[in-house]
$ cat run16.pdb   # PDB, C-alpha atoms and all ligand atoms
ATOM      1  CA  MET A   8      -4.610   2.404 -13.256  1.00  0.00           C
ATOM      2  CA  ASN A   9      -6.355   5.223 -11.386  1.00  0.00           C
ATOM      3  CA  ASP A  10      -4.938   5.346  -7.853  1.00  0.00           C
ATOM      4  CA  THR A  11      -3.888   1.699  -7.630  1.00  0.00           C
ATOM      5  CA  LEU A  12      -0.133   2.278  -7.689  1.00  0.00           C
ATOM      6  CA  LYS A  13      -0.464   5.338  -5.464  1.00  0.00           C
ATOM      7  CA  ASN A  14      -2.475   3.363  -2.907  1.00  0.00           C
ATOM      8  CA  LEU A  15       0.028   0.494  -3.014  1.00  0.00           C
ATOM      9  CA  TYR A  16       2.908   2.926  -2.513  1.00  0.00           C
ATOM     10  CA  GLU A  17       1.134   4.522   0.455  1.00  0.00           C
ATOM     11  CA  THR A  18       0.519   1.088   2.029  1.00  0.00           C
ATOM     12  CA  VAL A  19       4.174   0.121   1.595  1.00  0.00           C
ATOM     13  CA  LEU A  20       5.278   3.483   2.997  1.00  0.00           C
ATOM     14  CA  SER A  21       3.086   3.038   6.074  1.00  0.00           C
ATOM     15  CA  ARG A  22       4.559  -0.444   6.632  1.00  0.00           C
ATOM     16  CA  ARG A  23       8.116   0.958   6.668  1.00  0.00           C
ATOM     17  CA  ASP A  24       7.491   2.711   9.970  1.00  0.00           C
ATOM     18  CA  SER A  25       5.243   0.108  11.568  1.00  0.00           C
ATOM     19  CA  HIS A  26       5.685  -3.337  13.034  1.00  0.00           C
ATOM     20  CA  THR A  27       2.491  -4.869  11.696  1.00  0.00           C
ATOM     21  CA  GLU A  28       2.082  -8.485  12.796  1.00  0.00           C
ATOM     22  CA  GLY A  29       2.351 -10.931   9.894  1.00  0.00           C
ATOM     23  CA  SER A  30       3.234  -8.219   7.371  1.00  0.00           C
ATOM     24  CA  TYR A  31       5.408  -9.415   4.486  1.00  0.00           C
ATOM     25  CA  THR A  32       6.324  -5.789   3.705  1.00  0.00           C
ATOM     26  CA  CYS A  33       7.595  -5.248   7.257  1.00  0.00           C
ATOM     27  CA  TYR A  34       9.583  -8.474   6.896  1.00  0.00           C
ATOM     28  CA  LEU A  35      11.247  -7.135   3.733  1.00  0.00           C
ATOM     29  CA  PHE A  36      12.164  -3.830   5.402  1.00  0.00           C
ATOM     30  CA  GLU A  37      13.561  -5.725   8.393  1.00  0.00           C
ATOM     31  CA  GLN A  38      15.684  -7.869   6.061  1.00  0.00           C
ATOM     32  CA  GLY A  39      17.002  -4.774   4.266  1.00  0.00           C
ATOM     33  CA  LEU A  40      18.191  -3.694   0.848  1.00  0.00           C
ATOM     34  CA  ASP A  41      19.963  -6.905  -0.233  1.00  0.00           C
ATOM     35  CA  LYS A  42      16.810  -8.977   0.346  1.00  0.00           C
ATOM     36  CA  ILE A  43      14.617  -6.408  -1.446  1.00  0.00           C
ATOM     37  CA  LEU A  44      16.981  -6.337  -4.431  1.00  0.00           C
ATOM     38  CA  LYS A  45      17.097 -10.139  -4.500  1.00  0.00           C
ATOM     39  CA  LYS A  46      13.301 -10.289  -4.625  1.00  0.00           C
ATOM     40  CA  CYS A  47      13.202  -7.670  -7.425  1.00  0.00           C
ATOM     41  CA  GLY A  48      15.644  -9.799  -9.413  1.00  0.00           C
ATOM     42  CA  GLU A  49      13.685 -12.999  -8.793  1.00  0.00           C
ATOM     43  CA  GLU A  50      10.363 -11.440  -9.750  1.00  0.00           C
ATOM     44  CA  CYS A  51      11.899  -9.906 -12.872  1.00  0.00           C
ATOM     45  CA  SER A  52      13.155 -13.333 -13.965  1.00  0.00           C
ATOM     46  CA  GLU A  53       9.719 -14.824 -13.305  1.00  0.00           C
ATOM     47  CA  VAL A  54       8.103 -12.163 -15.532  1.00  0.00           C
ATOM     48  CA  ILE A  55      10.512 -13.070 -18.330  1.00  0.00           C
ATOM     49  CA  ILE A  56       9.872 -16.819 -18.037  1.00  0.00           C
ATOM     50  CA  ALA A  57       6.075 -16.437 -17.877  1.00  0.00           C
ATOM     51  CA  ALA A  58       6.068 -14.074 -20.889  1.00  0.00           C
ATOM     52  CA  LYS A  59       8.375 -16.348 -22.853  1.00  0.00           C
ATOM     53  CA  ASN A  60       5.991 -19.243 -22.217  1.00  0.00           C
ATOM     54  CA  GLY A  61       3.047 -17.158 -23.475  1.00  0.00           C
ATOM     55  CA  GLU A  62       1.212 -17.560 -20.176  1.00  0.00           C
ATOM     56  CA  ASN A  63      -0.588 -14.237 -19.947  1.00  0.00           C
ATOM     57  CA  HIS A  64      -2.381 -14.897 -16.664  1.00  0.00           C
ATOM     58  CA  GLU A  65       0.871 -16.002 -15.035  1.00  0.00           C
ATOM     59  CA  THR A  66       2.678 -12.999 -16.575  1.00  0.00           C
ATOM     60  CA  VAL A  67       0.123 -10.608 -15.066  1.00  0.00           C
ATOM     61  CA  MET A  68       0.676 -12.238 -11.660  1.00  0.00           C
ATOM     62  CA  GLU A  69       4.442 -11.922 -11.966  1.00  0.00           C
ATOM     63  CA  ILE A  70       4.276  -8.313 -13.204  1.00  0.00           C
ATOM     64  CA  SER A  71       2.138  -7.515 -10.146  1.00  0.00           C
ATOM     65  CA  ASP A  72       4.709  -9.186  -7.880  1.00  0.00           C
ATOM     66  CA  LEU A  73       7.471  -7.188  -9.552  1.00  0.00           C
ATOM     67  CA  LEU A  74       5.615  -3.864  -9.264  1.00  0.00           C
ATOM     68  CA  TYR A  75       4.999  -4.514  -5.571  1.00  0.00           C
ATOM     69  CA  HIS A  76       8.661  -5.320  -4.904  1.00  0.00           C
ATOM     70  CA  LEU A  77       9.741  -2.248  -6.928  1.00  0.00           C
ATOM     71  CA  MET A  78       7.497  -0.146  -4.672  1.00  0.00           C
ATOM     72  CA  VAL A  79       9.260  -1.612  -1.647  1.00  0.00           C
ATOM     73  CA  LEU A  80      12.619  -0.776  -3.257  1.00  0.00           C
ATOM     74  CA  MET A  81      11.467   2.785  -3.971  1.00  0.00           C
ATOM     75  CA  VAL A  82      10.330   3.336  -0.388  1.00  0.00           C
ATOM     76  CA  GLN A  83      13.529   1.776   0.971  1.00  0.00           C
ATOM     77  CA  SER A  84      15.593   4.096  -1.264  1.00  0.00           C
ATOM     78  CA  GLY A  85      13.538   7.230  -0.574  1.00  0.00           C
ATOM     79  CA  ILE A  86      12.266   7.473  -4.157  1.00  0.00           C
ATOM     80  CA  THR A  87       8.741   8.828  -4.531  1.00  0.00           C
ATOM     81  CA  LEU A  88       6.123   7.781  -7.065  1.00  0.00           C
ATOM     82  CA  GLU A  89       6.006  11.411  -8.184  1.00  0.00           C
ATOM     83  CA  GLU A  90       9.682  11.247  -9.192  1.00  0.00           C
ATOM     84  CA  VAL A  91       9.042   8.273 -11.466  1.00  0.00           C
ATOM     85  CA  GLU A  92       5.886   9.881 -12.867  1.00  0.00           C
ATOM     86  CA  ALA A  93       7.810  13.096 -13.564  1.00  0.00           C
ATOM     87  CA  GLU A  94      10.490  11.156 -15.449  1.00  0.00           C
ATOM     88  CA  LEU A  95       7.883   9.294 -17.506  1.00  0.00           C
ATOM     89  CA  ASP A  96       6.060  12.576 -18.231  1.00  0.00           C
ATOM     90  CA  LYS A  97       9.328  14.161 -19.326  1.00  0.00           C
ATOM     91  CA  ARG A  98       9.966  11.286 -21.709  1.00  0.00           C
ATOM     92  CA  SER A  99       6.441  11.466 -23.107  1.00  0.00           C
ATOM     93  CA  ASN A 100       7.294  14.929 -24.475  1.00  0.00           C
ATOM     94  CA  LYS A 101      10.062  13.425 -26.572  1.00  0.00           C
ATOM     95  CA  THR A 102       9.274  11.208 -29.545  1.00  0.00           C
ATOM     96  CA  GLY A 103      11.433   9.784 -32.326  1.00  0.00           C
ATOM     97  CA  ASN A 104      13.824   8.028 -29.968  1.00  0.00           C
ATOM     98  CA  LEU A 105      14.581   5.139 -32.343  1.00  0.00           C
ATOM     99  CA  LYS A 106      17.666   6.624 -34.036  1.00  0.00           C
ATOM    100  CA  LYS A 107      19.431   7.235 -30.703  1.00  0.00           C
ATOM    101  CA  PHE A 108      18.820   3.704 -29.443  1.00  0.00           C
ATOM    102  CA  HIS A 109      19.714   2.238 -32.854  1.00  0.00           C
ATOM    103  CA  SER A 110      23.129   3.927 -32.836  1.00  0.00           C
ATOM    104  CA  VAL A 111      23.785   2.690 -29.295  1.00  0.00           C
ATOM    105  CA  ASP A 112      23.004  -0.862 -30.481  1.00  0.00           C
ATOM    106  CA  LYS A 113      25.400  -0.544 -33.410  1.00  0.00           C
ATOM    107  CA  ASN A 114      28.269   0.426 -31.133  1.00  0.00           C
ATOM    108  CA  SER A 115      27.707  -2.335 -28.609  1.00  0.00           C
TER     109      SER A 115
HETATM  110  N1  LIG B   1       1.102  -6.531  -3.426  1.00  0.00           N
HETATM  111  C1  LIG B   1       1.569  -7.190  -2.493  1.00  0.00           C
HETATM  112  C2  LIG B   1       2.305  -8.413  -2.734  1.00  0.00           C
HETATM  113  N2  LIG B   1       2.624  -9.046  -3.872  1.00  0.00           N
HETATM  114  C3  LIG B   1       3.320 -10.136  -3.497  1.00  0.00           C
HETATM  115  N3  LIG B   1       3.441 -10.184  -2.165  1.00  0.00           N
HETATM  116  C4  LIG B   1       4.096 -11.206  -1.345  1.00  0.00           C
HETATM  117  O1  LIG B   1       5.375 -11.412  -1.860  1.00  0.00           O
HETATM  118  C5  LIG B   1       5.805 -12.705  -1.469  1.00  0.00           C
HETATM  119  C6  LIG B   1       6.586 -13.264  -2.614  1.00  0.00           C
HETATM  120  O2  LIG B   1       6.396 -14.626  -2.699  1.00  0.00           O
HETATM  121  P1  LIG B   1       7.602 -15.594  -2.925  1.00  0.00           P
HETATM  122  O3  LIG B   1       7.024 -16.948  -3.007  1.00  0.00           O
HETATM  123  O4  LIG B   1       8.433 -15.113  -4.062  1.00  0.00           O
HETATM  124  O5  LIG B   1       8.459 -15.379  -1.629  1.00  0.00           O
HETATM  125  P2  LIG B   1       8.346 -16.136  -0.255  1.00  0.00           P
HETATM  126  O6  LIG B   1       8.938 -17.483  -0.440  1.00  0.00           O
HETATM  127  O7  LIG B   1       6.950 -16.090   0.289  1.00  0.00           O
HETATM  128  O8  LIG B   1       9.249 -15.226   0.646  1.00  0.00           O
HETATM  129  P3  LIG B   1      10.826 -14.990   0.594  1.00  0.00           P
HETATM  130  O9  LIG B   1      11.371 -15.694   1.787  1.00  0.00           O
HETATM  131  O10 LIG B   1      11.364 -15.487  -0.728  1.00  0.00           O
HETATM  132  O11 LIG B   1      10.971 -13.505   0.710  1.00  0.00           O
HETATM  133  C7  LIG B   1       4.554 -13.497  -1.062  1.00  0.00           C
HETATM  134  O12 LIG B   1       4.578 -13.680   0.337  1.00  0.00           O
HETATM  135  C8  LIG B   1       3.427 -12.555  -1.461  1.00  0.00           C
HETATM  136  O13 LIG B   1       2.323 -12.652  -0.572  1.00  0.00           O
HETATM  137  C9  LIG B   1       2.831  -9.119  -1.661  1.00  0.00           C
HETATM  138  N4  LIG B   1       2.695  -8.697  -0.362  1.00  0.00           N
HETATM  139  C10 LIG B   1       2.017  -7.547  -0.145  1.00  0.00           C
HETATM  140  N5  LIG B   1       1.445  -6.786  -1.164  1.00  0.00           N
HETATM  141  C11 LIG B   1       0.710  -5.536  -0.867  1.00  0.00           C
HETATM  142  O14 LIG B   1       1.129  -5.039   0.373  1.00  0.00           O
HETATM  143  C12 LIG B   1      -0.010  -4.909   1.249  1.00  0.00           C
HETATM  144  C13 LIG B   1       0.420  -5.144   2.675  1.00  0.00           C
HETATM  145  O15 LIG B   1       0.806  -6.495   2.842  1.00  0.00           O
HETATM  146  P4  LIG B   1       1.485  -6.967   4.222  1.00  0.00           P
HETATM  147  O16 LIG B   1       2.715  -6.159   4.365  1.00  0.00           O
HETATM  148  O17 LIG B   1       1.770  -8.436   4.085  1.00  0.00           O
HETATM  149  O18 LIG B   1       0.487  -6.685   5.294  1.00  0.00           O
HETATM  150  C14 LIG B   1      -1.018  -5.917   0.730  1.00  0.00           C
HETATM  151  O19 LIG B   1      -2.326  -5.583   1.116  1.00  0.00           O
HETATM  152  C15 LIG B   1      -0.796  -5.768  -0.773  1.00  0.00           C
HETATM  153  O20 LIG B   1      -1.452  -4.602  -1.239  1.00  0.00           O
END

$ encode --input "run16.pdb" --output "structure tokens"
Amino acid sequence: MNDTLKNLYETVLSRRDSHTEGSYTCYLFEQGLDKILKKCGEECSEVIIAAKNGENHETVMEISDLLYHLMVLMVQSGITLEEVEAELDKRSNKTGNLKKFHSVDKNS
């Protein structure tokens, strides 16, 4: 991914404090958290439907939409990309997670 997500995050962050004409990101920030969450939910559902239908090109498009809207949610909530990366790095040090998840499934 190189710096793609980082660059996207930086663009979204810069939009939060600007009033760029015609910017969809500015529109989302103006609408607020409920709108951003609604879009995250919609895009998530669209990923599921596209994947279920085996439409890989469409799924890539929807995953990209979802990642973008998650970036907007992160900026809105004051969550940095570094925080997510740190959590993923922490998890990468731990393997053999199957048993834990399996026992959770059994109890649900
Ligand atoms: N990655 C994206 C991106 N992905 C999706 N979208 C927009 O997300 C919207 C979602 O489409 P929908 O049909 O679901 O929603 P809609 O009906 O248009 O709008 P709603 O009323 O439902 O909110 C579309 O308008 C897309 O253009 C994005 N808009 C912006 N970016 C990035 O943000 C940057 C800045 O964009 P602006 O803020 O528009 O300048 C861009 O250069 C991109 O890097």

$ residues_near_ligand --input "run16.pdb" --ligand "ligand LIG 1 (chain B)" --cutoff "7 Å" --atoms "all atoms listed in the file" --output "VMD selection string"
chain A and resid 15 18 to 19 22 27 29 to 33 46 71 to 72 75

$ resolve_selection --input "run16.pdb" --expression "the PyMOL selection byres (((chain A and resi 80) around 12) and not hetatm)" --output "PyMOL selection string"
chain A and resi 16+19-20+23+32+35-36+39-48+73-79+81-88

$ atom_distance --input "run16.pdb" --atom1 "atom CA of Asp10 of chain A" --atom2 "atom CA of Glu92 of chain A"
12.8 Å

$ closest_residue --input "run16.pdb" --among "A:Glu28, A:Val54, A:Lys13, A:Gly103" --to "Met68 of chain A" --atoms "only C-alpha atoms"
A:Val54

$ atom_distance --input "run16.pdb" --atom1 "atom CA of Glu89 of chain A" --atom2 "atom CA of Glu17 of chain A"
12.1 Å

$ atom_distance --input "run16.pdb" --atom1 "atom CA of Glu50 of chain A" --atom2 "atom CA of Glu69 of chain A"
6.3 Å

$ axis_aligned_box --input "run16.pdb" --around "segment 17-27 of chain A" --padding-each-side "3 Å" --output "lines of an AutoDock Vina configuration file"
center_x = 4.3
center_y = -0.2
center_z = 6.7
size_x = 13.6
size_y = 15.4
size_z = 18.6
